[in-house]
Amino acid sequence: MRTQSARMGDSLYIYLTGELDECTVSRAREEADNAIDRSTGCSRAIFNLAGVRFMDSTGIGFLIGRYKKLQRYGMRMYLENPNPDADKILSLSGVYSLMPKL
Amino acid sequence: MNEMYLKFLSRSENEIFARNVVAAFALPLNPTLDELSDVKTAVSEAVTNCIVHGYRGSEGWILLKCKTEGDFLHIEISDDGRGIEDVEQALTPFYTTLPDEERSGMGFTIMQTFMTAFSVQSEAGKGTKVRMSKQFGAKATEDAR
Ligand SMILES: Nc1ncnc2c1ncn2[C@@H]1O[C@H](COP(=O)(O)OP(=O)(O)OP(=O)(O)O)[C@@H](O)[C@H]1O
Ligand SMILES: [Mg+2]
């Protein structure tokens with residue numbers, strides 16, 4: 001699992017790559033949170049999921065956790081490019097109502 | 001018909017191993033990629049639950065049994081951990097006993113949605129056993145009708 005981030009204008013982009021599960025989530029959490037903490041001035045964070053080959057409910061918990069953190073910074077959260085498998089559990093769990101898919 | 005048993009420690013690095021073993025075992029049934037992905041996700045949910053809820057970070061054994069029967073794959077995943085007091089409540093979407101650890105309470109809902117059949121047997125203090133089955137080609141048969 002790899003987490004990379006980039007800033008473009010007032011947007012923070014977080015790119016996740018690999019398999020997001022209980023084994024990999026703590027590192028992803030730490031790296032994503034570091035990126036968020038360094039993103040002062042950004043109004044939104046976009047999580048790019050194109051590289052996520054596998055994700056289970058642990059990934060849902062991870063995304064909701066980041067959503068709550070971003071809320072404390074007054075930032076909005078969006079999701080981008082989930083593969084069809086990730087899309088299936090994201091839809092099922094209703095997270096798109098909190099963090100719309102771009 | 002084919003059968004297999006696997007016993008492994010409740011370490012999170014074994015999750016990827018467990019779901020890939022089941023996927024490899026199911027291959028002779030010619031699953032579609034979607035079906036295989038459903039099975040892997042459901043296995044991952046059950047194994048994660050054994051690790052984070054059943055054993056709560058302490059080490060214990062997880063038992064995984066698989067059986068093929070016609071176009072069905074039957075899976076049993078069990079732990080000897082804390083068990084569940086109220087199974088019906090645990091099955092409720094979004095219900096979790098660990099909200100502070102970023103759990104969403106979706107695991108059982110995902111298993112139920114992704115698999116053809118699903119059941120849980122649990123006793124507080126004794127452990128938990130999840131049984132689930134997937135029928136491969138079920139969607140193709142439906143679409144052909
Ligand atoms: N193997 C188990 N041993 C003990 N309790 C369990 C076990 N599996 C599930 N539970 C209980 O059932 C509840 C619901 O499980 P479920 O997988 O649906 O959600 P979760 O694990 O809490 O969250 P998520 O799966 O979304 O990360 C858990 O919070 C836990 O209390
Ligand atoms: Mg769970």
# chains A, B, ... in the order shown; residues from 1 in each chain; ligands from 1
$ residues_near_ligand --ligand "ligand 1" --cutoff "7 Å" --atoms "only C-alpha atoms and all ligand atoms" --output "PDB file with N, CA, C and O atoms, in the first residue's frame"
ATOM      1  N   SER A  57     -14.240  -3.547   4.158  1.00  0.00           N
ATOM      2  CA  SER A  57     -14.888  -2.550   5.023  1.00  0.00           C
ATOM      3  C   SER A  57     -13.878  -1.758   5.840  1.00  0.00           C
ATOM      4  O   SER A  57     -14.169  -0.647   6.284  1.00  0.00           O
ATOM      5  N   THR A  58     -12.687  -2.312   6.039  1.00  0.00           N
ATOM      6  CA  THR A  58     -11.638  -1.553   6.723  1.00  0.00           C
ATOM      7  C   THR A  58     -11.335  -0.272   5.939  1.00  0.00           C
ATOM      8  O   THR A  58     -11.068   0.779   6.523  1.00  0.00           O
ATOM      9  N   ILE A  60     -13.530   1.327   4.075  1.00  0.00           N
ATOM     10  CA  ILE A  60     -14.664   2.229   4.303  1.00  0.00           C
ATOM     11  C   ILE A  60     -14.431   3.016   5.602  1.00  0.00           C
ATOM     12  O   ILE A  60     -14.585   4.234   5.644  1.00  0.00           O
ATOM     13  N   GLY A  61     -14.036   2.286   6.653  1.00  0.00           N
ATOM     14  CA  GLY A  61     -13.753   2.933   7.931  1.00  0.00           C
ATOM     15  C   GLY A  61     -12.637   3.965   7.798  1.00  0.00           C
ATOM     16  O   GLY A  61     -12.706   5.057   8.360  1.00  0.00           O
TER      17      GLY A  61
ATOM     18  N   GLU B  45     -13.471  -9.919   5.008  1.00  0.00           N
ATOM     19  CA  GLU B  45     -14.341  -9.419   6.085  1.00  0.00           C
ATOM     20  C   GLU B  45     -14.377 -10.396   7.256  1.00  0.00           C
ATOM     21  O   GLU B  45     -14.240  -9.997   8.418  1.00  0.00           O
ATOM     22  N   ALA B  46     -14.582 -11.661   6.945  1.00  0.00           N
ATOM     23  CA  ALA B  46     -14.712 -12.656   8.021  1.00  0.00           C
ATOM     24  C   ALA B  46     -13.396 -12.797   8.785  1.00  0.00           C
ATOM     25  O   ALA B  46     -13.381 -12.870  10.020  1.00  0.00           O
ATOM     26  N   ASN B  49     -12.718  -9.806  11.002  1.00  0.00           N
ATOM     27  CA  ASN B  49     -13.539  -9.871  12.212  1.00  0.00           C
ATOM     28  C   ASN B  49     -12.933 -10.808  13.260  1.00  0.00           C
ATOM     29  O   ASN B  49     -12.945 -10.494  14.450  1.00  0.00           O
ATOM     30  N   CYS B  50     -12.419 -11.950  12.824  1.00  0.00           N
ATOM     31  CA  CYS B  50     -11.767 -12.872  13.778  1.00  0.00           C
ATOM     32  C   CYS B  50     -10.610 -12.150  14.470  1.00  0.00           C
ATOM     33  O   CYS B  50     -10.420 -12.249  15.687  1.00  0.00           O
ATOM     34  N   HIS B  53     -12.108  -8.463  16.292  1.00  0.00           N
ATOM     35  CA  HIS B  53     -13.143  -8.637  17.317  1.00  0.00           C
ATOM     36  C   HIS B  53     -12.943  -9.929  18.107  1.00  0.00           C
ATOM     37  O   HIS B  53     -12.995  -9.928  19.327  1.00  0.00           O
ATOM     38  N   GLY B  54     -12.751 -11.035  17.386  1.00  0.00           N
ATOM     39  CA  GLY B  54     -12.640 -12.334  18.047  1.00  0.00           C
ATOM     40  C   GLY B  54     -11.474 -12.354  19.024  1.00  0.00           C
ATOM     41  O   GLY B  54     -11.640 -12.678  20.200  1.00  0.00           O
ATOM     42  N   ASP B  79     -13.227 -18.712  14.646  1.00  0.00           N
ATOM     43  CA  ASP B  79     -12.225 -18.396  15.670  1.00  0.00           C
ATOM     44  C   ASP B  79     -12.712 -18.926  17.012  1.00  0.00           C
ATOM     45  O   ASP B  79     -13.881 -19.260  17.170  1.00  0.00           O
ATOM     46  N   GLY B  81     -12.458 -17.061  19.757  1.00  0.00           N
ATOM     47  CA  GLY B  81     -12.299 -15.811  20.501  1.00  0.00           C
ATOM     48  C   GLY B  81     -13.496 -15.469  21.375  1.00  0.00           C
ATOM     49  O   GLY B  81     -14.199 -16.342  21.877  1.00  0.00           O
ATOM     50  N   ARG B  82     -13.762 -14.167  21.504  1.00  0.00           N
ATOM     51  CA  ARG B  82     -14.745 -13.661  22.460  1.00  0.00           C
ATOM     52  C   ARG B  82     -16.180 -14.012  22.136  1.00  0.00           C
ATOM     53  O   ARG B  82     -17.024 -14.019  23.031  1.00  0.00           O
ATOM     54  N   GLY B  83     -16.472 -14.236  20.862  1.00  0.00           N
ATOM     55  CA  GLY B  83     -17.845 -14.530  20.483  1.00  0.00           C
ATOM     56  C   GLY B  83     -18.722 -13.287  20.473  1.00  0.00           C
ATOM     57  O   GLY B  83     -18.278 -12.193  20.803  1.00  0.00           O
ATOM     58  N   ILE B  84     -19.975 -13.472  20.055  1.00  0.00           N
ATOM     59  CA  ILE B  84     -20.912 -12.353  19.903  1.00  0.00           C
ATOM     60  C   ILE B  84     -22.109 -12.582  20.818  1.00  0.00           C
ATOM     61  O   ILE B  84     -22.726 -13.649  20.786  1.00  0.00           O
ATOM     62  N   ALA B  90     -25.621  -7.684  15.771  1.00  0.00           N
ATOM     63  CA  ALA B  90     -24.337  -7.575  15.066  1.00  0.00           C
ATOM     64  C   ALA B  90     -24.536  -7.536  13.555  1.00  0.00           C
ATOM     65  O   ALA B  90     -23.735  -6.950  12.826  1.00  0.00           O
ATOM     66  N   LEU B  91     -25.609  -8.163  13.078  1.00  0.00           N
ATOM     67  CA  LEU B  91     -25.859  -8.221  11.631  1.00  0.00           C
ATOM     68  C   LEU B  91     -26.465  -6.923  11.092  1.00  0.00           C
ATOM     69  O   LEU B  91     -26.512  -6.708   9.887  1.00  0.00           O
ATOM     70  N   PRO B  93     -26.863  -3.438   9.599  1.00  0.00           N
ATOM     71  CA  PRO B  93     -25.910  -2.570   8.898  1.00  0.00           C
ATOM     72  C   PRO B  93     -25.473  -1.407   9.790  1.00  0.00           C
ATOM     73  O   PRO B  93     -26.295  -0.839  10.506  1.00  0.00           O
ATOM     74  N   PHE B  94     -24.214  -1.063   9.749  1.00  0.00           N
ATOM     75  CA  PHE B  94     -23.602   0.050  10.494  1.00  0.00           C
ATOM     76  C   PHE B  94     -23.462  -0.207  11.992  1.00  0.00           C
ATOM     77  O   PHE B  94     -23.001   0.659  12.723  1.00  0.00           O
ATOM     78  N   TYR B  95     -23.870  -1.384  12.458  1.00  0.00           N
ATOM     79  CA  TYR B  95     -23.667  -1.671  13.886  1.00  0.00           C
ATOM     80  C   TYR B  95     -22.232  -2.135  14.112  1.00  0.00           C
ATOM     81  O   TYR B  95     -21.749  -3.061  13.466  1.00  0.00           O
ATOM     82  N   THR B  96     -21.532  -1.462  15.020  1.00  0.00           N
ATOM     83  CA  THR B  96     -20.172  -1.879  15.357  1.00  0.00           C
ATOM     84  C   THR B  96     -19.931  -1.676  16.844  1.00  0.00           C
ATOM     85  O   THR B  96     -20.463  -0.736  17.441  1.00  0.00           O
ATOM     86  N   THR B  97     -19.139  -2.550  17.446  1.00  0.00           N
ATOM     87  CA  THR B  97     -18.774  -2.363  18.852  1.00  0.00           C
ATOM     88  C   THR B  97     -17.443  -1.602  18.962  1.00  0.00           C
ATOM     89  O   THR B  97     -16.988  -1.342  20.062  1.00  0.00           O
ATOM     90  N   LEU B  98     -16.830  -1.296  17.813  1.00  0.00           N
ATOM     91  CA  LEU B  98     -15.555  -0.567  17.837  1.00  0.00           C
ATOM     92  C   LEU B  98     -15.593   0.727  17.003  1.00  0.00           C
ATOM     93  O   LEU B  98     -14.752   0.923  16.124  1.00  0.00           O
ATOM     94  N   ARG B 103     -14.216   1.640  12.639  1.00  0.00           N
ATOM     95  CA  ARG B 103     -14.977   0.527  12.055  1.00  0.00           C
ATOM     96  C   ARG B 103     -16.307   1.083  11.571  1.00  0.00           C
ATOM     97  O   ARG B 103     -16.906   1.933  12.244  1.00  0.00           O
ATOM     98  N   SER B 104     -16.792   0.593  10.447  1.00  0.00           N
ATOM     99  CA  SER B 104     -18.027   1.144   9.912  1.00  0.00           C
ATOM    100  C   SER B 104     -19.244   0.249  10.150  1.00  0.00           C
ATOM    101  O   SER B 104     -20.371   0.657   9.901  1.00  0.00           O
ATOM    102  N   GLY B 105     -19.018  -0.972  10.604  1.00  0.00           N
ATOM    103  CA  GLY B 105     -20.148  -1.867  10.849  1.00  0.00           C
ATOM    104  C   GLY B 105     -20.760  -2.425   9.582  1.00  0.00           C
ATOM    105  O   GLY B 105     -21.932  -2.795   9.536  1.00  0.00           O
ATOM    106  N   MET B 106     -19.949  -2.500   8.515  1.00  0.00           N
ATOM    107  CA  MET B 106     -20.454  -2.966   7.219  1.00  0.00           C
ATOM    108  C   MET B 106     -20.019  -4.392   6.864  1.00  0.00           C
ATOM    109  O   MET B 106     -20.437  -4.935   5.850  1.00  0.00           O
ATOM    110  N   GLY B 107     -19.145  -4.984   7.671  1.00  0.00           N
ATOM    111  CA  GLY B 107     -18.573  -6.280   7.317  1.00  0.00           C
ATOM    112  C   GLY B 107     -19.604  -7.361   7.037  1.00  0.00           C
ATOM    113  O   GLY B 107     -19.600  -7.993   5.971  1.00  0.00           O
ATOM    114  N   PHE B 108     -20.506  -7.577   7.987  1.00  0.00           N
ATOM    115  CA  PHE B 108     -21.517  -8.628   7.808  1.00  0.00           C
ATOM    116  C   PHE B 108     -22.450  -8.300   6.642  1.00  0.00           C
ATOM    117  O   PHE B 108     -22.885  -9.187   5.911  1.00  0.00           O
ATOM    118  N   THR B 109     -22.766  -7.015   6.481  1.00  0.00           N
ATOM    119  CA  THR B 109     -23.649  -6.617   5.374  1.00  0.00           C
ATOM    120  C   THR B 109     -22.985  -6.932   4.031  1.00  0.00           C
ATOM    121  O   THR B 109     -23.640  -7.416   3.099  1.00  0.00           O
ATOM    122  N   GLY B 127     -16.508 -18.307  20.818  1.00  0.00           N
ATOM    123  CA  GLY B 127     -15.996 -18.112  19.466  1.00  0.00           C
ATOM    124  C   GLY B 127     -17.101 -17.911  18.450  1.00  0.00           C
ATOM    125  O   GLY B 127     -18.286 -17.894  18.794  1.00  0.00           O
ATOM    126  N   THR B 128     -16.694 -17.760  17.226  1.00  0.00           N
ATOM    127  CA  THR B 128     -17.623 -17.403  16.146  1.00  0.00           C
ATOM    128  C   THR B 128     -17.313 -18.213  14.904  1.00  0.00           C
ATOM    129  O   THR B 128     -16.149 -18.422  14.566  1.00  0.00           O
TER     130      THR B 128
END
$ residues_around --residues "B:Ser119" --least-positions-apart "4" --cutoff "7 Å" --atoms "only C-alpha atoms" --output "ChimeraX atom specification"
/B:130-132
$ select_by_dssp --residues "chain B" --states "alpha helix (DSSP H)" --output "ChimeraX atom specification"
/B:14-26,33-49,87-91,107-114,138-144
$ residues_around --residues "stretch 2-14 of chain A" --least-positions-apart "4" --cutoff "7 Å" --atoms "only C-alpha atoms" --output "JSON, numbers by chain"
{"A": [18, 28, 31, 32, 35, 39, 41, 42, 43, 44, 45, 46, 47, 48]}
$ closest_atom_pairs --of "chain A" --to "chain B" --cutoff "9 Å" --atoms "only C-alpha atoms" --output "JSON lines"
{"residue": "A:Glu19", "atom": "CA", "partner": "B:Ile16", "partner_atom": "CA", "distance": 8.5}
{"residue": "A:Asp21", "atom": "CA", "partner": "B:Ser44", "partner_atom": "CA", "distance": 8.0}
{"residue": "A:Glu22", "atom": "CA", "partner": "B:Ser12", "partner_atom": "CA", "distance": 6.0}
{"residue": "A:Cys23", "atom": "CA", "partner": "B:Ser12", "partner_atom": "CA", "distance": 4.7}
{"residue": "A:Thr24", "atom": "CA", "partner": "B:Glu13", "partner_atom": "CA", "distance": 8.4}
{"residue": "A:Phe54", "atom": "CA", "partner": "B:Thr41", "partner_atom": "CA", "distance": 7.9}
{"residue": "A:Met55", "atom": "CA", "partner": "B:Thr41", "partner_atom": "CA", "distance": 7.3}
{"residue": "A:Asp56", "atom": "CA", "partner": "B:Thr41", "partner_atom": "CA", "distance": 5.8}
{"residue": "A:Ser57", "atom": "CA", "partner": "B:Gly107", "partner_atom": "CA", "distance": 5.7}
{"residue": "A:Thr58", "atom": "CA", "partner": "B:Arg103", "partner_atom": "CA", "distance": 6.6}
{"residue": "A:Ile60", "atom": "CA", "partner": "B:Ser104", "partner_atom": "CA", "distance": 6.6}
{"residue": "A:Gly61", "atom": "CA", "partner": "B:Glu102", "partner_atom": "CA", "distance": 4.8}
{"residue": "A:Phe62", "atom": "CA", "partner": "B:Glu102", "partner_atom": "CA", "distance": 6.3}
{"residue": "A:Leu63", "atom": "CA", "partner": "B:Glu102", "partner_atom": "CA", "distance": 8.9}
{"residue": "A:Ile64", "atom": "CA", "partner": "B:Glu102", "partner_atom": "CA", "distance": 7.4}
{"residue": "A:Gly65", "atom": "CA", "partner": "B:Glu102", "partner_atom": "CA", "distance": 5.9}
{"residue": "A:Pro84", "atom": "CA", "partner": "B:Asp34", "partner_atom": "CA", "distance": 8.7}
{"residue": "A:Asp85", "atom": "CA", "partner": "B:Ser37", "partner_atom": "CA", "distance": 6.9}
{"residue": "A:Ile89", "atom": "CA", "partner": "B:Ile110", "partner_atom": "CA", "distance": 7.3}
{"residue": "A:Leu92", "atom": "CA", "partner": "B:Ile110", "partner_atom": "CA", "distance": 7.8}
{"residue": "A:Ser93", "atom": "CA", "partner": "B:Met106", "partner_atom": "CA", "distance": 6.8}
$ write_last_selection --atoms "N, CA, C and O atoms" --output "mmCIF file, in the first residue's frame"
data_model
loop_
_atom_site.group_PDB
_atom_site.id
_atom_site.type_symbol
_atom_site.label_atom_id
_atom_site.label_comp_id
_atom_site.auth_asym_id
_atom_site.auth_seq_id
_atom_site.Cartn_x
_atom_site.Cartn_y
_atom_site.Cartn_z
ATOM 1 N N GLU A 19 -3.399 -2.758 -1.836
ATOM 2 C CA GLU A 19 -4.554 -3.435 -1.239
ATOM 3 C C GLU A 19 -4.827 -2.810 0.124
ATOM 4 O O GLU A 19 -3.975 -2.835 1.005
ATOM 5 N N ASP A 21 -6.479 -2.977 3.467
ATOM 6 C CA ASP A 21 -7.157 -3.857 4.426
ATOM 7 C C ASP A 21 -6.589 -3.619 5.821
ATOM 8 O O ASP A 21 -5.822 -2.674 6.035
ATOM 9 N N GLU A 22 -6.948 -4.465 6.767
ATOM 10 C CA GLU A 22 -6.528 -4.286 8.159
ATOM 11 C C GLU A 22 -4.999 -4.230 8.289
ATOM 12 O O GLU A 22 -4.463 -3.549 9.149
ATOM 13 N N CYS A 23 -4.321 -4.960 7.408
ATOM 14 C CA CYS A 23 -2.861 -5.036 7.500
ATOM 15 C C CYS A 23 -2.191 -3.742 7.035
ATOM 16 O O CYS A 23 -1.158 -3.350 7.551
ATOM 17 N N THR A 24 -2.792 -3.081 6.078
ATOM 18 C CA THR A 24 -2.131 -1.922 5.464
ATOM 19 C C THR A 24 -2.711 -0.582 5.930
ATOM 20 O O THR A 24 -2.149 0.467 5.646
ATOM 21 N N PHE A 54 -7.637 -3.760 -4.139
ATOM 22 C CA PHE A 54 -8.525 -4.484 -3.228
ATOM 23 C C PHE A 54 -8.884 -3.578 -2.073
ATOM 24 O O PHE A 54 -8.053 -2.819 -1.583
ATOM 25 N N MET A 55 -10.118 -3.694 -1.622
ATOM 26 C CA MET A 55 -10.555 -2.899 -0.479
ATOM 27 C C MET A 55 -11.719 -3.616 0.191
ATOM 28 O O MET A 55 -12.583 -4.167 -0.491
ATOM 29 N N ASP A 56 -11.713 -3.642 1.531
ATOM 30 C CA ASP A 56 -12.869 -4.205 2.235
ATOM 31 C C ASP A 56 -13.425 -3.147 3.194
ATOM 32 O O ASP A 56 -13.094 -1.969 3.065
ATOM 33 N N SER A 57 -14.240 -3.547 4.158
ATOM 34 C CA SER A 57 -14.888 -2.550 5.023
ATOM 35 C C SER A 57 -13.878 -1.758 5.840
ATOM 36 O O SER A 57 -14.169 -0.647 6.284
ATOM 37 N N THR A 58 -12.687 -2.312 6.039
ATOM 38 C CA THR A 58 -11.638 -1.553 6.723
ATOM 39 C C THR A 58 -11.335 -0.272 5.939
ATOM 40 O O THR A 58 -11.068 0.779 6.523
ATOM 41 N N ILE A 60 -13.530 1.327 4.075
ATOM 42 C CA ILE A 60 -14.664 2.229 4.303
ATOM 43 C C ILE A 60 -14.431 3.016 5.602
ATOM 44 O O ILE A 60 -14.585 4.234 5.644
ATOM 45 N N GLY A 61 -14.036 2.286 6.653
ATOM 46 C CA GLY A 61 -13.753 2.933 7.931
ATOM 47 C C GLY A 61 -12.637 3.965 7.798
ATOM 48 O O GLY A 61 -12.706 5.057 8.360
ATOM 49 N N PHE A 62 -11.627 3.608 7.012
ATOM 50 C CA PHE A 62 -10.508 4.534 6.754
ATOM 51 C C PHE A 62 -11.013 5.821 6.094
ATOM 52 O O PHE A 62 -10.660 6.930 6.523
ATOM 53 N N LEU A 63 -11.840 5.672 5.055
ATOM 54 C CA LEU A 63 -12.322 6.852 4.333
ATOM 55 C C LEU A 63 -13.211 7.720 5.227
ATOM 56 O O LEU A 63 -13.082 8.949 5.249
ATOM 57 N N ILE A 64 -14.085 7.095 6.004
ATOM 58 C CA ILE A 64 -14.958 7.868 6.892
ATOM 59 C C ILE A 64 -14.125 8.577 7.969
ATOM 60 O O ILE A 64 -14.389 9.727 8.320
ATOM 61 N N GLY A 65 -13.079 7.912 8.439
ATOM 62 C CA GLY A 65 -12.185 8.533 9.418
ATOM 63 C C GLY A 65 -11.512 9.782 8.866
ATOM 64 O O GLY A 65 -11.404 10.812 9.535
ATOM 65 N N PRO A 84 -14.248 -1.017 -10.379
ATOM 66 C CA PRO A 84 -15.627 -1.486 -10.178
ATOM 67 C C PRO A 84 -15.832 -2.234 -8.858
ATOM 68 O O PRO A 84 -16.897 -2.130 -8.245
ATOM 69 N N ASP A 85 -14.811 -2.954 -8.395
ATOM 70 C CA ASP A 85 -14.951 -3.688 -7.131
ATOM 71 C C ASP A 85 -15.050 -2.731 -5.954
ATOM 72 O O ASP A 85 -15.888 -2.886 -5.064
ATOM 73 N N ILE A 89 -18.497 -1.694 -3.113
ATOM 74 C CA ILE A 89 -18.660 -1.579 -1.661
ATOM 75 C C ILE A 89 -18.817 -0.125 -1.218
ATOM 76 O O ILE A 89 -19.451 0.146 -0.205
ATOM 77 N N LEU A 92 -22.513 0.414 -1.750
ATOM 78 C CA LEU A 92 -23.276 -0.349 -0.757
ATOM 79 C C LEU A 92 -23.265 0.339 0.607
ATOM 80 O O LEU A 92 -24.260 0.363 1.316
ATOM 81 N N SER A 93 -22.106 0.917 0.956
ATOM 82 C CA SER A 93 -21.996 1.487 2.294
ATOM 83 C C SER A 93 -22.460 2.948 2.349
ATOM 84 O O SER A 93 -22.449 3.555 3.410
#
$ select_by_dssp --residues "chain A" --states "strand (DSSP E or B)" --output "ChimeraX atom specification"
/A:2-8,11-20,44-55,76-80,101
$ closest_residue --among "A:Ser97, A:Gly51, A:Arg27, A:Ser91" --to "A:Met77" --atoms "only C-alpha atoms"
A:Ser97
$ closest_residue --among "B:Met111, B:Met4, B:Leu64, B:Ala124" --to "ligand 2" --atoms "only C-alpha atoms and all ligand atoms"
B:Met111
